[in-house]
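> target.csv is reproduced below (CSV, C-alpha atoms).
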chain,number,residue,atom,x,y,z
A,1,MET,CA,-0.9,-3.2,-5.3
A,2,GLY,CA,-2.2,-5.6,-8.0
A,3,LEU,CA,-4.7,-4.7,-10.6
A,4,THR,CA,-6.7,-7.2,-12.7
A,5,PRO,CA,-6.5,-5.9,-16.3
A,6,GLN,CA,-9.9,-7.3,-17.3
A,7,LEU,CA,-12.8,-5.1,-18.3
A,8,SER,CA,-16.2,-5.8,-19.7
A,9,ASP,CA,-14.8,-5.8,-23.3
A,10,GLY,CA,-11.8,-8.0,-22.6
A,11,LEU,CA,-8.2,-7.7,-21.6
A,12,HIS,CA,-6.6,-4.3,-21.5
A,13,HIS,CA,-2.9,-3.3,-21.4
A,14,PHE,CA,-1.5,-0.8,-18.9
A,15,SER,CA,1.6,1.3,-18.3
A,16,ALA,CA,2.6,4.2,-16.1
A,17,GLY,CA,0.6,7.2,-17.1
A,18,GLY,CA,1.8,10.0,-14.8
A,19,LEU,CA,1.3,11.2,-11.2
A,20,SER,CA,-1.7,12.3,-9.2
A,21,ASP,CA,-1.5,13.2,-5.5
A,22,GLY,CA,2.0,11.9,-5.5
A,23,ILE,CA,0.9,8.5,-6.7
A,24,VAL,CA,1.7,6.8,-10.0
A,25,VAL,CA,-1.4,6.3,-12.0
A,26,VAL,CA,-1.7,3.9,-14.9
A,27,VAL,CA,-3.2,4.3,-18.4
A,28,ASP,CA,-4.6,1.6,-20.6
A,29,ASP,CA,-3.7,1.4,-24.3
A,30,GLU,CA,-7.2,0.5,-25.5
A,31,SER,CA,-9.2,3.5,-24.2
A,32,GLY,CA,-6.6,6.0,-22.9
A,33,THR,CA,-8.3,6.0,-19.5
A,34,TYR,CA,-6.2,6.8,-16.4
A,35,TRP,CA,-6.7,4.6,-13.3
A,36,ASN,CA,-6.0,5.0,-9.6
A,37,THR,CA,-3.6,2.2,-8.6
A,38,PHE,CA,-4.8,2.0,-5.0
A,39,THR,CA,-8.6,1.8,-5.6
A,40,GLY,CA,-8.7,0.7,-9.3
A,41,GLU,CA,-11.1,3.5,-10.1
A,42,ALA,CA,-11.1,5.2,-13.5
A,43,MET,CA,-10.0,8.8,-12.9
A,44,ALA,CA,-10.2,10.3,-16.4
A,45,GLY,CA,-11.1,9.1,-19.9
A,46,ALA,CA,-13.6,6.9,-21.7
A,47,ARG,CA,-14.0,4.4,-18.8
A,48,VAL,CA,-14.8,6.8,-16.0
A,49,GLY,CA,-17.4,5.1,-13.7
A,50,GLU,CA,-15.7,1.7,-14.0
A,51,THR,CA,-13.4,0.1,-11.5
A,52,LEU,CA,-10.7,-2.5,-12.0
A,53,ALA,CA,-10.5,-5.4,-9.5
A,54,THR,CA,-7.6,-4.8,-7.1
A,55,PHE,CA,-5.7,-7.1,-4.7
A,56,PRO,CA,-3.0,-6.4,-2.2
A,57,ILE,CA,0.5,-7.7,-2.8
A,58,GLU,CA,2.2,-9.1,0.3
A,59,VAL,CA,5.4,-7.1,0.8
A,60,THR,CA,8.4,-8.9,2.3
A,61,THR,CA,12.2,-9.1,1.9
A,62,ALA,CA,14.3,-11.6,-0.1
A,63,ALA,CA,15.8,-12.9,3.2
A,64,ALA,CA,12.5,-13.5,4.8
A,65,ALA,CA,11.0,-15.2,1.7
A,66,SER,CA,14.1,-17.4,1.5
A,67,ARG,CA,13.6,-18.6,5.0
A,68,ILE,CA,10.1,-19.7,4.2
A,69,GLU,CA,11.0,-21.2,0.9
A,70,PRO,CA,14.6,-22.5,1.0
A,71,GLY,CA,16.3,-22.5,-2.4
A,72,LEU,CA,14.1,-19.7,-3.7
A,73,GLU,CA,15.5,-18.0,-6.8
A,74,VAL,CA,15.8,-14.2,-6.8
A,75,ALA,CA,15.4,-12.3,-10.0
A,76,LEU,CA,17.1,-8.9,-10.2
A,77,SER,CA,16.2,-6.4,-12.9
A,78,ASP,CA,18.6,-4.2,-14.8
A,79,PRO,CA,17.1,-0.7,-14.7
A,80,GLY,CA,19.9,0.9,-16.8
A,81,ILE,CA,21.9,4.0,-15.9
A,82,ALA,CA,18.9,6.4,-15.8
A,83,GLY,CA,16.9,4.1,-13.7
A,84,THR,CA,19.7,3.4,-11.3
A,85,LEU,CA,20.4,7.2,-10.8
A,86,PHE,CA,16.7,7.9,-10.3
A,87,GLY,CA,16.4,5.0,-7.8
A,88,ALA,CA,19.4,6.3,-5.9
A,89,PHE,CA,17.9,9.8,-5.8
A,90,THR,CA,14.5,8.7,-4.6
A,91,THR,CA,16.0,6.3,-2.0
A,92,THR,CA,18.1,9.1,-0.6
A,93,ALA,CA,15.0,11.3,-0.4
A,94,LEU,CA,12.6,8.7,1.2
A,95,ASP,CA,15.0,7.0,3.6
A,96,GLY,CA,16.4,8.5,6.8
A,97,ASP,CA,15.1,10.4,9.8
A,98,ASP,CA,13.7,13.3,7.7
A,99,PRO,CA,12.2,11.9,4.5
A,100,TRP,CA,11.0,14.2,1.8
A,101,LEU,CA,9.0,13.8,-1.4
A,102,PRO,CA,10.9,14.5,-4.7
A,103,PRO,CA,9.5,17.7,-6.3
A,104,GLN,CA,8.0,15.9,-9.3
A,105,PHE,CA,5.8,13.9,-6.9
A,106,GLY,CA,5.1,16.7,-4.3
A,107,ARG,CA,3.9,19.3,-6.8
A,108,THR,CA,1.0,16.9,-7.8
A,109,ILE,CA,-0.5,16.9,-4.2
A,110,LEU,CA,-3.0,19.7,-4.3
A,111,ASP,CA,-5.0,19.2,-1.1
A,112,PRO,CA,-2.9,17.3,1.5
A,113,ASP,CA,-4.5,15.8,4.6
A,114,ALA,CA,-2.9,17.6,7.5
A,115,ARG,CA,-4.0,15.2,10.2
A,116,LEU,CA,-0.6,13.4,10.0
A,117,PRO,CA,2.7,14.3,8.5
A,118,ALA,CA,2.6,13.6,4.8
A,119,MET,CA,5.6,11.2,4.9
A,120,ASP,CA,4.5,9.1,7.9
A,121,GLU,CA,4.7,5.4,7.0
A,122,GLY,CA,2.0,3.0,8.0
A,123,LEU,CA,-0.4,0.3,7.1
A,124,GLY,CA,-3.7,1.2,5.4
A,125,VAL,CA,-6.5,-1.3,5.8
A,126,VAL,CA,-9.8,-1.4,4.0
A,127,ILE,CA,-12.8,-3.6,5.0
A,128,ASP,CA,-16.2,-3.3,3.4
A,129,GLY,CA,-15.4,0.2,2.2
A,130,GLU,CA,-14.2,1.4,5.6
A,131,ALA,CA,-10.6,2.6,5.5
A,132,ARG,CA,-8.1,3.1,8.4
A,133,PHE,CA,-4.5,4.1,8.5
A,134,TYR,CA,-2.2,2.7,11.3
A,135,PRO,CA,1.0,4.8,11.6
A,136,LEU,CA,4.1,2.6,11.7
A,137,ARG,CA,5.4,4.2,15.0
A,138,ALA,CA,2.2,3.0,16.8
A,139,LEU,CA,2.9,-0.7,15.9
A,140,ALA,CA,6.0,-1.4,18.0
A,141,ALA,CA,3.9,-4.1,19.7
A,142,GLY,CA,1.0,-6.2,18.5
A,143,ARG,CA,-2.2,-4.2,18.4
A,144,GLY,CA,-5.9,-4.9,18.2
A,145,ASP,CA,-8.7,-2.9,16.7
A,146,LEU,CA,-12.2,-3.2,15.3
A,147,LEU,CA,-12.8,-2.1,11.7
A,148,ALA,CA,-16.2,-2.4,9.9
A,149,ALA,CA,-17.2,-4.7,12.9
A,150,THR,CA,-14.3,-7.0,12.1
A,151,PRO,CA,-11.7,-7.8,14.8
A,152,LEU,CA,-8.2,-7.0,13.7
A,153,SER,CA,-4.7,-7.6,14.9
A,154,VAL,CA,-2.0,-5.4,13.5
A,155,ARG,CA,1.8,-5.9,14.1
A,156,ILE,CA,5.2,-5.5,12.6
A,157,ASP,CA,6.3,-8.9,11.3
A,158,PRO,CA,9.5,-9.8,13.1
A,159,ALA,CA,10.7,-11.8,10.1
A,160,ASP,CA,11.0,-8.8,7.7
A,161,GLY,CA,10.0,-5.6,9.6
A,162,ILE,CA,6.9,-5.1,7.5
A,163,PRO,CA,3.6,-4.3,9.1
A,164,GLU,CA,0.6,-6.6,8.5
A,165,ALA,CA,-3.0,-7.0,9.5
A,166,ARG,CA,-4.9,-10.2,10.1
A,167,MET,CA,-8.6,-10.7,10.9
A,168,GLY,CA,-9.8,-12.8,13.8
A,169,ASP,CA,-9.9,-15.9,11.6
A,170,GLY,CA,-6.3,-15.4,10.5
A,171,GLY,CA,-7.3,-14.1,7.0
A,172,ARG,CA,-5.6,-11.1,5.5
A,173,PRO,CA,-7.8,-8.0,4.8
A,174,PHE,CA,-7.1,-5.6,2.0
A,175,GLN,CA,-4.0,-3.7,3.1
A,176,ILE,CA,-1.3,-1.4,1.8
A,177,PHE,CA,2.0,-0.5,3.3
A,178,THR,CA,2.5,3.1,2.2
A,179,ARG,CA,2.8,6.7,3.3
A,180,TRP,CA,0.0,8.9,4.8
A,181,TYR,CA,-0.1,11.3,1.8
A,182,ALA,CA,-0.8,8.5,-0.6
A,183,PHE,CA,-3.4,6.5,1.4
A,184,SER,CA,-5.3,9.6,2.6
A,185,ALA,CA,-5.5,10.9,-1.0
A,186,SER,CA,-7.0,7.6,-2.3
A,187,PHE,CA,-9.2,7.1,0.8
A,188,PRO,CA,-10.0,10.7,1.9
A,189,ASP,CA,-12.6,9.5,4.5
A,190,CYS,CA,-10.2,7.2,6.2
A,191,SER,CA,-9.8,7.2,10.0
A,192,ILE,CA,-6.5,6.9,11.9
A,193,GLY,CA,-6.0,3.8,14.0
A,194,GLU,CA,-6.3,4.1,17.8
A,195,MET,CA,-5.6,0.6,19.1
A,196,GLN,CA,-5.3,-1.4,22.2
A,197,SER,CA,-2.7,-4.0,23.0
A,198,VAL,CA,-3.5,-7.6,21.8
A,199,PRO,CA,-3.2,-10.4,24.4
A,200,SER,CA,-0.3,-12.6,23.5
A,201,ALA,CA,-2.5,-15.7,23.2
A,202,LEU,CA,-4.8,-13.9,20.7
A,203,ALA,CA,-1.8,-12.6,18.7
A,204,ALA,CA,-0.3,-16.1,18.6
A,205,SER,CA,-3.6,-17.6,17.3
A,206,VAL,CA,-4.1,-14.9,14.6
A,207,PHE,CA,-0.6,-14.7,13.3
A,208,ARG,CA,0.0,-18.3,12.4
A,209,ASP,CA,3.5,-18.0,10.8
Please rewrite the model in this file as structure tokens.


Amino acid sequence: MGLTPQLSDGLHHFSAGGLSDGIVVVVDDESGTYWNTFTGEAMAGARVGETLATFPIEVTTAAAASRIEPGLEVALSDPGIAGTLFGAFTTTALDGDDPWLPPQFGRTILDPDARLPAMDEGLGVVIDGEARFYPLRALAAGRGDLLAATPLSVRIDPADGIPEARMGDGGRPFQIFTRWYAFSASFPDCSIGEMQSVPSALAASVFRD
């Protein structure tokens, strides 16, 4: 997710502030307020009642991006020894047929939504305040739905294996590729997608690659 760090009194500076419901929250230096990184809402501190502007970041792979933009430069960070070990631990936990949440994340989830397994991956979509989660396993083929009276097509992009949603005009709604525990915690009133197959002609017109 992307957050716009601008509030009514100017630019604020943010860093990781801890965990809530298994999600990293950020804290700003100027007021010490903690912010939900999915919704942009102030959770605790002096700015409660305010909301940062949010925008979805399109997730892809370096290989897929390089096919779109030949010669694209790829920057690799150096996380250091501690970061490398932590990354290896979390990757081992989250990948595979039976993923699990590391204890430091799991213990912050106080009231999990039991409608789906906590670690189910999927695409969360929000339109006009209405939120819906599409489990990844339901997206083997292109699917269609109606959310907030908006026609949607949802699929797994064959170029990078990442799910994406498009509106009928080809535009991208607000969407997050995440796990059920995280999306349902930030959008507790969300529904779960029950979709119908999209005609191939419609899918071709919506997903203009």

> Counting only C-alpha atoms, which residues sit no farther than 12 Å from the position (6.1, 4.1, 14.4) in the file's frame? I'd like them as a ChimeraX atom specification.

/A:97,119-123,134-141,155-156,161-163,179

> Using all atoms listed in the file, pick whichever of A:Ala185, A:Ala82, A:Ala118, A:Ala53 has the shortest atom-to-atom distance to Pro99 (chain A).

A:Ala118

> For Ser66 (chain A), which residue among A:Asp169, A:Glu41, A:Asp160, A:Asp189 is the nearest when counting all atoms listed in the file?

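Distance minimum relative to Ser66 (chain A) lands on A:Asp160.
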
> Quick one: pull the distance between CA of Glu69 (chain A) and CA of Arg166 (chain A), Å, one decimal.

21.4 Å

> Which residue gives the smallest distance to Leu101 (chain A) among A:Asp21, A:Glu164, A:Asp28, A:Glu130, with all atoms listed in the file counted?

A:Asp21

> Using CA of Leu152 (chain A) and CA of Arg172 (chain A) as the two end points, give the distance in Å to one decimal.

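We find that CA of Leu152 (chain A) and CA of Arg172 (chain A) lie 9.5 Å from each other.
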
> So, with all atoms listed in the file as the atoms that count, which of A:Ala159, A:Ala16, A:Met1, A:Gly22 lies closest to Trp100 (chain A)?

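Of the candidates, the smallest distance to Trp100 (chain A) is held by A:Gly22.
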
> Up to 8 Å from (-3.7, 6.2, -8.3) in the file's coordinates: name the residues, counting all atoms listed in the file, as a PDB file with C-alpha atoms, in the coordinates of the input.


ATOM      1  CA  LEU A  19       1.300  11.200 -11.200  1.00  0.00           C
ATOM      2  CA  SER A  20      -1.700  12.300  -9.200  1.00  0.00           C
ATOM      3  CA  ASP A  21      -1.500  13.200  -5.500  1.00  0.00           C
ATOM      4  CA  ILE A  23       0.900   8.500  -6.700  1.00  0.00           C
ATOM      5  CA  VAL A  24       1.700   6.800 -10.000  1.00  0.00           C
ATOM      6  CA  VAL A  25      -1.400   6.300 -12.000  1.00  0.00           C
ATOM      7  CA  VAL A  26      -1.700   3.900 -14.900  1.00  0.00           C
ATOM      8  CA  TRP A  35      -6.700   4.600 -13.300  1.00  0.00           C
ATOM      9  CA  ASN A  36      -6.000   5.000  -9.600  1.00  0.00           C
ATOM     10  CA  THR A  37      -3.600   2.200  -8.600  1.00  0.00           C
ATOM     11  CA  PHE A  38      -4.800   2.000  -5.000  1.00  0.00           C
ATOM     12  CA  THR A  39      -8.600   1.800  -5.600  1.00  0.00           C
ATOM     13  CA  GLY A  40      -8.700   0.700  -9.300  1.00  0.00           C
ATOM     14  CA  SER A 186      -7.000   7.600  -2.300  1.00  0.00           C
TER      15      SER A 186
END

> What does the distance between CA of Pro56 (chain A) and CA of Asp157 (chain A) come to in Å, to one decimal place?

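We find that CA of Pro56 (chain A) and CA of Asp157 (chain A) lie 16.6 Å from each other.
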
> Pick out the closest residue to Gly106 (chain A) from this set: A:Ala93, A:Thr178, A:Cys190, A:Ser153. Count all atoms listed in the file.

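Among the listed residues, A:Ala93 lies closest to Gly106 (chain A).
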
> Can you list, as number ranges by chain, every protein, DNA or RNA residue that comes within 10 Å of Ser31 (chain A) when you count all atoms listed in the file, leaving out same-chain residues fewer than 5 positions away?

A: 12-13, 45-47

> Kindly export the residues of the current selection with C-alpha atoms, as a PDB file, keeping the file's coordinate frame.


ATOM      1  CA  HIS A  12      -6.600  -4.300 -21.500  1.00  0.00           C
ATOM      2  CA  HIS A  13      -2.900  -3.300 -21.400  1.00  0.00           C
ATOM      3  CA  GLY A  45     -11.100   9.100 -19.900  1.00  0.00           C
ATOM      4  CA  ALA A  46     -13.600   6.900 -21.700  1.00  0.00           C
ATOM      5  CA  ARG A  47     -14.000   4.400 -18.800  1.00  0.00           C
TER       6      ARG A  47
END

> Taking all atoms listed in the file into account, which of A:Phe174, A:Gln104, A:Pro112, A:Asp145 comes nearest Ile127 (chain A)?

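The answer is A:Phe174, which sits nearest to Ile127 (chain A).
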